[in-house]
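Text of protein06.txt, listed as compact mmCIF, N, CA and C atoms:
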```txt
# COMPACT_ATOMS: atom_id res chain seq x y z
N MET A 1 -10.75 29.30 4.30
CA MET A 1 -10.75 27.85 4.27
C MET A 1 -11.09 27.37 2.86
N ALA A 2 -10.37 26.37 2.40
CA ALA A 2 -10.61 25.82 1.07
C ALA A 2 -11.90 25.02 1.08
N THR A 3 -12.71 25.27 0.09
CA THR A 3 -13.95 24.53 -0.01
C THR A 3 -13.72 23.26 -0.82
N VAL A 4 -14.69 22.38 -0.74
CA VAL A 4 -14.63 21.14 -1.51
C VAL A 4 -14.60 21.48 -2.99
N ASP A 5 -15.37 22.52 -3.39
CA ASP A 5 -15.38 22.93 -4.80
C ASP A 5 -14.00 23.38 -5.26
N GLU A 6 -13.29 24.15 -4.43
CA GLU A 6 -11.93 24.59 -4.77
C GLU A 6 -11.01 23.39 -4.93
N GLN A 7 -11.12 22.45 -4.01
CA GLN A 7 -10.27 21.26 -4.06
C GLN A 7 -10.57 20.46 -5.33
N GLN A 8 -11.85 20.29 -5.64
CA GLN A 8 -12.21 19.53 -6.84
C GLN A 8 -11.74 20.24 -8.10
N LYS A 9 -11.81 21.57 -8.11
CA LYS A 9 -11.36 22.34 -9.27
C LYS A 9 -9.86 22.12 -9.49
N ILE A 10 -9.08 22.17 -8.42
CA ILE A 10 -7.64 21.97 -8.55
C ILE A 10 -7.34 20.54 -8.98
N GLU A 11 -8.04 19.56 -8.40
CA GLU A 11 -7.84 18.17 -8.80
C GLU A 11 -8.14 17.99 -10.29
N HIS A 12 -9.19 18.64 -10.78
CA HIS A 12 -9.55 18.57 -12.19
C HIS A 12 -8.47 19.21 -13.06
N GLN A 13 -7.95 20.34 -12.62
CA GLN A 13 -6.88 21.01 -13.36
C GLN A 13 -5.62 20.13 -13.43
N ILE A 14 -5.32 19.45 -12.33
CA ILE A 14 -4.17 18.53 -12.32
C ILE A 14 -4.38 17.42 -13.33
N GLU A 15 -5.58 16.88 -13.34
CA GLU A 15 -5.91 15.80 -14.28
C GLU A 15 -5.77 16.28 -15.73
N LEU A 16 -6.29 17.47 -16.02
CA LEU A 16 -6.20 17.99 -17.39
C LEU A 16 -4.75 18.25 -17.80
N ALA A 17 -3.97 18.83 -16.90
CA ALA A 17 -2.56 19.10 -17.21
C ALA A 17 -1.79 17.80 -17.43
N THR A 18 -2.09 16.79 -16.64
CA THR A 18 -1.43 15.49 -16.77
C THR A 18 -1.79 14.84 -18.10
N ARG A 19 -3.07 14.91 -18.47
CA ARG A 19 -3.51 14.35 -19.76
C ARG A 19 -2.87 15.11 -20.92
N ALA A 20 -2.84 16.43 -20.81
CA ALA A 20 -2.24 17.24 -21.87
C ALA A 20 -0.76 16.91 -22.03
N ALA A 21 -0.07 16.69 -20.91
CA ALA A 21 1.35 16.33 -20.98
C ALA A 21 1.53 15.00 -21.71
N ALA A 22 0.63 14.07 -21.47
CA ALA A 22 0.72 12.76 -22.12
C ALA A 22 0.46 12.85 -23.62
N LEU A 23 -0.33 13.85 -24.05
CA LEU A 23 -0.67 13.99 -25.46
C LEU A 23 0.29 14.89 -26.23
N ALA A 24 1.03 15.72 -25.52
CA ALA A 24 1.92 16.68 -26.17
C ALA A 24 3.06 15.95 -26.88
N LYS A 25 3.52 16.56 -27.97
CA LYS A 25 4.56 15.93 -28.78
C LYS A 25 5.96 16.42 -28.44
N ASP A 26 6.10 17.71 -28.14
CA ASP A 26 7.45 18.21 -27.88
C ASP A 26 7.74 18.26 -26.38
N GLU A 27 8.98 18.01 -26.04
CA GLU A 27 9.39 17.90 -24.63
C GLU A 27 9.21 19.20 -23.84
N THR A 28 9.35 20.34 -24.50
CA THR A 28 9.16 21.62 -23.80
C THR A 28 7.73 21.74 -23.30
N THR A 29 6.79 21.42 -24.16
CA THR A 29 5.38 21.50 -23.77
C THR A 29 5.06 20.46 -22.71
N VAL A 30 5.57 19.26 -22.87
CA VAL A 30 5.38 18.19 -21.88
C VAL A 30 5.89 18.67 -20.52
N GLY A 31 7.10 19.24 -20.52
CA GLY A 31 7.69 19.73 -19.27
C GLY A 31 6.87 20.82 -18.63
N ARG A 32 6.34 21.70 -19.44
CA ARG A 32 5.51 22.79 -18.89
C ARG A 32 4.23 22.27 -18.27
N PHE A 33 3.57 21.32 -18.95
CA PHE A 33 2.35 20.74 -18.39
C PHE A 33 2.65 19.97 -17.10
N ARG A 34 3.73 19.22 -17.10
CA ARG A 34 4.09 18.47 -15.89
C ARG A 34 4.43 19.42 -14.74
N SER A 35 5.14 20.48 -15.05
CA SER A 35 5.49 21.47 -14.04
C SER A 35 4.24 22.12 -13.47
N PHE A 36 3.30 22.46 -14.35
CA PHE A 36 2.04 23.05 -13.92
C PHE A 36 1.27 22.08 -13.01
N ALA A 37 1.22 20.81 -13.40
CA ALA A 37 0.54 19.79 -12.59
C ALA A 37 1.22 19.66 -11.23
N ASP A 38 2.55 19.71 -11.19
CA ASP A 38 3.28 19.63 -9.92
C ASP A 38 2.98 20.83 -9.03
N GLU A 39 2.94 22.02 -9.62
CA GLU A 39 2.60 23.23 -8.85
C GLU A 39 1.20 23.14 -8.26
N LEU A 40 0.25 22.65 -9.06
CA LEU A 40 -1.12 22.50 -8.57
C LEU A 40 -1.18 21.46 -7.46
N THR A 41 -0.43 20.39 -7.60
CA THR A 41 -0.40 19.35 -6.56
C THR A 41 0.12 19.93 -5.25
N GLN A 42 1.17 20.73 -5.32
CA GLN A 42 1.72 21.36 -4.11
C GLN A 42 0.70 22.32 -3.49
N LYS A 43 0.00 23.06 -4.32
CA LYS A 43 -1.04 23.97 -3.82
C LYS A 43 -2.13 23.18 -3.11
N LEU A 44 -2.55 22.07 -3.70
CA LEU A 44 -3.58 21.24 -3.10
C LEU A 44 -3.11 20.67 -1.76
N LEU A 45 -1.87 20.22 -1.69
CA LEU A 45 -1.33 19.68 -0.44
C LEU A 45 -1.28 20.76 0.65
N ARG A 46 -0.90 22.00 0.26
CA ARG A 46 -0.89 23.09 1.24
C ARG A 46 -2.29 23.40 1.75
N MET A 47 -3.27 23.37 0.84
CA MET A 47 -4.65 23.62 1.24
C MET A 47 -5.13 22.56 2.23
N MET A 48 -4.80 21.31 1.92
CA MET A 48 -5.22 20.22 2.79
C MET A 48 -4.53 20.31 4.15
N ARG A 49 -3.26 20.69 4.15
CA ARG A 49 -2.51 20.83 5.40
C ARG A 49 -3.11 21.93 6.27
N ARG A 50 -3.45 23.07 5.65
CA ARG A 50 -4.08 24.16 6.41
C ARG A 50 -5.38 23.70 7.06
N GLY A 51 -6.14 22.90 6.32
CA GLY A 51 -7.40 22.38 6.87
C GLY A 51 -7.14 21.49 8.08
N LYS A 52 -6.09 20.66 8.00
CA LYS A 52 -5.74 19.78 9.12
C LYS A 52 -5.29 20.61 10.33
N VAL A 53 -4.47 21.62 10.06
CA VAL A 53 -3.98 22.47 11.15
C VAL A 53 -5.16 23.19 11.80
N ARG A 54 -6.06 23.72 10.98
CA ARG A 54 -7.22 24.44 11.51
C ARG A 54 -8.06 23.53 12.42
N ALA A 55 -8.31 22.32 11.95
CA ALA A 55 -9.11 21.38 12.73
C ALA A 55 -8.40 21.00 14.03
N ARG A 56 -7.09 20.76 13.97
CA ARG A 56 -6.33 20.39 15.17
C ARG A 56 -6.29 21.56 16.15
N ALA A 57 -6.07 22.77 15.65
CA ALA A 57 -6.03 23.95 16.52
C ALA A 57 -7.37 24.12 17.24
N TYR A 58 -8.44 23.88 16.53
CA TYR A 58 -9.77 24.00 17.14
C TYR A 58 -9.94 22.95 18.24
N GLU A 59 -9.50 21.72 17.97
CA GLU A 59 -9.57 20.66 18.99
C GLU A 59 -8.78 21.06 20.24
N LEU A 60 -7.57 21.55 20.02
CA LEU A 60 -6.72 21.95 21.15
C LEU A 60 -7.37 23.09 21.94
N TRP A 61 -7.93 24.05 21.23
CA TRP A 61 -8.60 25.19 21.86
C TRP A 61 -9.78 24.71 22.72
N GLU A 62 -10.59 23.78 22.16
CA GLU A 62 -11.72 23.25 22.92
C GLU A 62 -11.23 22.48 24.15
N GLN A 63 -10.20 21.66 23.98
CA GLN A 63 -9.67 20.87 25.10
C GLN A 63 -9.15 21.77 26.21
N ALA A 64 -8.67 22.95 25.85
CA ALA A 64 -8.12 23.88 26.84
C ALA A 64 -9.20 24.76 27.47
N GLY A 65 -10.46 24.50 27.14
CA GLY A 65 -11.55 25.26 27.73
C GLY A 65 -11.90 26.54 26.98
N ARG A 66 -11.52 26.63 25.72
CA ARG A 66 -11.84 27.75 24.85
C ARG A 66 -11.35 29.10 25.37
N PRO A 67 -10.10 29.21 25.73
CA PRO A 67 -9.61 30.50 26.25
C PRO A 67 -9.54 31.56 25.15
N ALA A 68 -9.74 32.80 25.56
CA ALA A 68 -9.70 33.92 24.62
C ALA A 68 -8.26 34.33 24.33
N ASN A 69 -8.06 34.89 23.15
CA ASN A 69 -6.79 35.52 22.76
C ASN A 69 -5.59 34.58 22.74
N ARG A 70 -5.81 33.30 22.43
CA ARG A 70 -4.69 32.36 22.35
C ARG A 70 -4.69 31.60 21.03
N GLU A 71 -5.32 32.20 20.02
CA GLU A 71 -5.45 31.54 18.73
C GLU A 71 -4.09 31.14 18.15
N LEU A 72 -3.14 32.05 18.20
CA LEU A 72 -1.82 31.78 17.64
C LEU A 72 -1.14 30.62 18.36
N ASP A 73 -1.26 30.58 19.68
CA ASP A 73 -0.66 29.48 20.45
C ASP A 73 -1.19 28.13 19.97
N PHE A 74 -2.50 28.04 19.79
CA PHE A 74 -3.10 26.77 19.38
C PHE A 74 -2.75 26.44 17.93
N TRP A 75 -2.69 27.46 17.08
CA TRP A 75 -2.33 27.24 15.68
C TRP A 75 -0.90 26.70 15.59
N LEU A 76 0.02 27.33 16.30
CA LEU A 76 1.42 26.90 16.26
C LEU A 76 1.60 25.50 16.83
N GLU A 77 0.89 25.20 17.90
CA GLU A 77 0.97 23.86 18.48
C GLU A 77 0.40 22.83 17.52
N ALA A 78 -0.69 23.17 16.86
CA ALA A 78 -1.29 22.26 15.88
C ALA A 78 -0.33 22.01 14.72
N GLU A 79 0.32 23.06 14.22
CA GLU A 79 1.31 22.90 13.15
C GLU A 79 2.44 21.99 13.60
N ARG A 80 2.92 22.20 14.83
CA ARG A 80 4.01 21.41 15.35
C ARG A 80 3.62 19.93 15.43
N GLN A 81 2.41 19.66 15.95
CA GLN A 81 1.97 18.28 16.08
C GLN A 81 1.81 17.59 14.73
N ILE A 82 1.24 18.30 13.78
CA ILE A 82 1.01 17.71 12.47
C ILE A 82 2.34 17.45 11.76
N GLU A 83 3.28 18.38 11.89
CA GLU A 83 4.60 18.18 11.29
C GLU A 83 5.31 17.00 11.95
N GLU A 84 5.18 16.88 13.26
CA GLU A 84 5.79 15.77 13.99
C GLU A 84 5.19 14.44 13.52
N GLU A 85 3.88 14.40 13.34
CA GLU A 85 3.21 13.19 12.86
C GLU A 85 3.67 12.85 11.44
N ARG A 86 3.83 13.87 10.59
CA ARG A 86 4.28 13.66 9.22
C ARG A 86 5.69 13.08 9.20
N GLU A 87 6.56 13.64 10.04
CA GLU A 87 7.93 13.14 10.13
C GLU A 87 7.96 11.71 10.65
N HIS A 88 7.11 11.42 11.60
CA HIS A 88 7.04 10.07 12.16
C HIS A 88 6.61 9.07 11.08
N ARG A 89 5.60 9.47 10.27
CA ARG A 89 5.14 8.59 9.18
C ARG A 89 6.23 8.38 8.16
N LYS A 90 6.96 9.46 7.84
CA LYS A 90 8.08 9.34 6.89
C LYS A 90 9.12 8.36 7.41
N GLY A 91 9.43 8.46 8.71
CA GLY A 91 10.46 7.64 9.31
C GLY A 91 10.04 6.19 9.47
N SER A 92 8.75 5.93 9.62
CA SER A 92 8.31 4.56 9.86
C SER A 92 7.72 3.92 8.60
N GLY A 93 7.65 4.67 7.50
CA GLY A 93 7.10 4.13 6.26
C GLY A 93 8.10 3.25 5.55
N PRO A 94 7.65 2.60 4.47
CA PRO A 94 8.56 1.74 3.71
C PRO A 94 9.66 2.57 3.05
N SER A 95 10.83 1.97 2.92
CA SER A 95 11.98 2.67 2.33
C SER A 95 11.96 2.60 0.84
```

Show the structure stored in the file as structure tokens.
Amino acid sequence: MATVDEQQKIEHQIELATRAAALAKDETTVGRFRSFADELTQKLLRMMRRGKVRARAYELWEQAGRPANRELDFWLEAERQIEEEREHRKGSGPS
């Protein structure tokens, strides 16, 4: 599980890469810093998504009476629900 410290470290790295891109003079360096910041942003989003899935899977497991040996079932259902919610937000958000 990603800790708050890990998340803050990645957010700080994104900020530094973004600032460095703004200060760089040549386009190659700017592109590399921006690419690095984008990669870190994607990593952060994946970490946050895993945390949401973990929390949802735990809720589902508790609601089902905490059955043994069904971790994967609850994880997959949690992923499905979160993806469905994400798609719903995309579809109902501003264009």

Would you work out the distance separating CA of Ile10 in chain A from CA of Ala37 in chain A, expressed in Å to one decimal? 9.4 Å

Using 5 Å of padding on each side, determine the axis-aligned box around all atoms of range 48-66 of chain A present in the file and give its centre and edge lengths in Å to one decimal, as lines of an AutoDock Vina configuration file.
```
center_x = -7.2
center_y = 24.4
center_z = 14.8
size_x = 19.4
size_y = 19.3
size_z = 35.8
```

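Across the model, the gap from CA of Ala22 in chain A to atom C of Met48 in chain A is 27.8 Å.
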
Please determine, counting only C-alpha atoms, which residue among A:Gln8, A:Gln63, A:Asn69, A:Gln13 has the shortest atom-to-atom distance to Leu40 in chain A. A:Gln13

Counting all atoms listed in the file, note down every residue that has an atom within 6 Å of the point (-5.5, 19.1, -10.4) (file coordinates), as a PyMOL selection string. chain A and resi 9-16+40-41

In Å, how far is it from atom N of Asp38 in chain A to atom N of Ala17 in chain A? 8.7 Å

Quick one: residues within 7 Å of Phe74 in chain A, all atoms listed in the file, excluding same-chain residues fewer than 3 positions away - as number ranges by chain? A: 56-58, 60-61, 70-71, 77-79

Write a file of the selected residues as a PDB file, keeping the file's coordinate frame, keeping N, CA and C atoms.
```
ATOM      1  N   ARG A  56      -7.090  20.760  13.970  1.00  0.00           N
ATOM      2  CA  ARG A  56      -6.330  20.390  15.170  1.00  0.00           C
ATOM      3  C   ARG A  56      -6.290  21.560  16.150  1.00  0.00           C
ATOM      4  N   ALA A  57      -6.070  22.770  15.650  1.00  0.00           N
ATOM      5  CA  ALA A  57      -6.030  23.950  16.520  1.00  0.00           C
ATOM      6  C   ALA A  57      -7.370  24.120  17.240  1.00  0.00           C
ATOM      7  N   TYR A  58      -8.440  23.880  16.530  1.00  0.00           N
ATOM      8  CA  TYR A  58      -9.770  24.000  17.140  1.00  0.00           C
ATOM      9  C   TYR A  58      -9.940  22.950  18.240  1.00  0.00           C
ATOM     10  N   LEU A  60      -7.570  21.550  20.020  1.00  0.00           N
ATOM     11  CA  LEU A  60      -6.720  21.950  21.150  1.00  0.00           C
ATOM     12  C   LEU A  60      -7.370  23.090  21.940  1.00  0.00           C
ATOM     13  N   TRP A  61      -7.930  24.050  21.230  1.00  0.00           N
ATOM     14  CA  TRP A  61      -8.600  25.190  21.860  1.00  0.00           C
ATOM     15  C   TRP A  61      -9.780  24.710  22.720  1.00  0.00           C
ATOM     16  N   ARG A  70      -5.810  33.300  22.430  1.00  0.00           N
ATOM     17  CA  ARG A  70      -4.690  32.360  22.350  1.00  0.00           C
ATOM     18  C   ARG A  70      -4.690  31.600  21.030  1.00  0.00           C
ATOM     19  N   GLU A  71      -5.320  32.200  20.020  1.00  0.00           N
ATOM     20  CA  GLU A  71      -5.450  31.540  18.730  1.00  0.00           C
ATOM     21  C   GLU A  71      -4.090  31.140  18.150  1.00  0.00           C
ATOM     22  N   GLU A  77       0.890  25.200  17.900  1.00  0.00           N
ATOM     23  CA  GLU A  77       0.970  23.860  18.480  1.00  0.00           C
ATOM     24  C   GLU A  77       0.400  22.830  17.520  1.00  0.00           C
ATOM     25  N   ALA A  78      -0.690  23.170  16.860  1.00  0.00           N
ATOM     26  CA  ALA A  78      -1.290  22.260  15.880  1.00  0.00           C
ATOM     27  C   ALA A  78      -0.330  22.010  14.720  1.00  0.00           C
ATOM     28  N   GLU A  79       0.320  23.060  14.220  1.00  0.00           N
ATOM     29  CA  GLU A  79       1.310  22.900  13.150  1.00  0.00           C
ATOM     30  C   GLU A  79       2.440  21.990  13.600  1.00  0.00           C
TER      31      GLU A  79
END
```

Please determine, counting all atoms listed in the file, which residue among A:Lys25, A:Arg19, A:Arg80, A:Lys90 has the shortest atom-to-atom distance to Val53 in chain A. A:Arg80
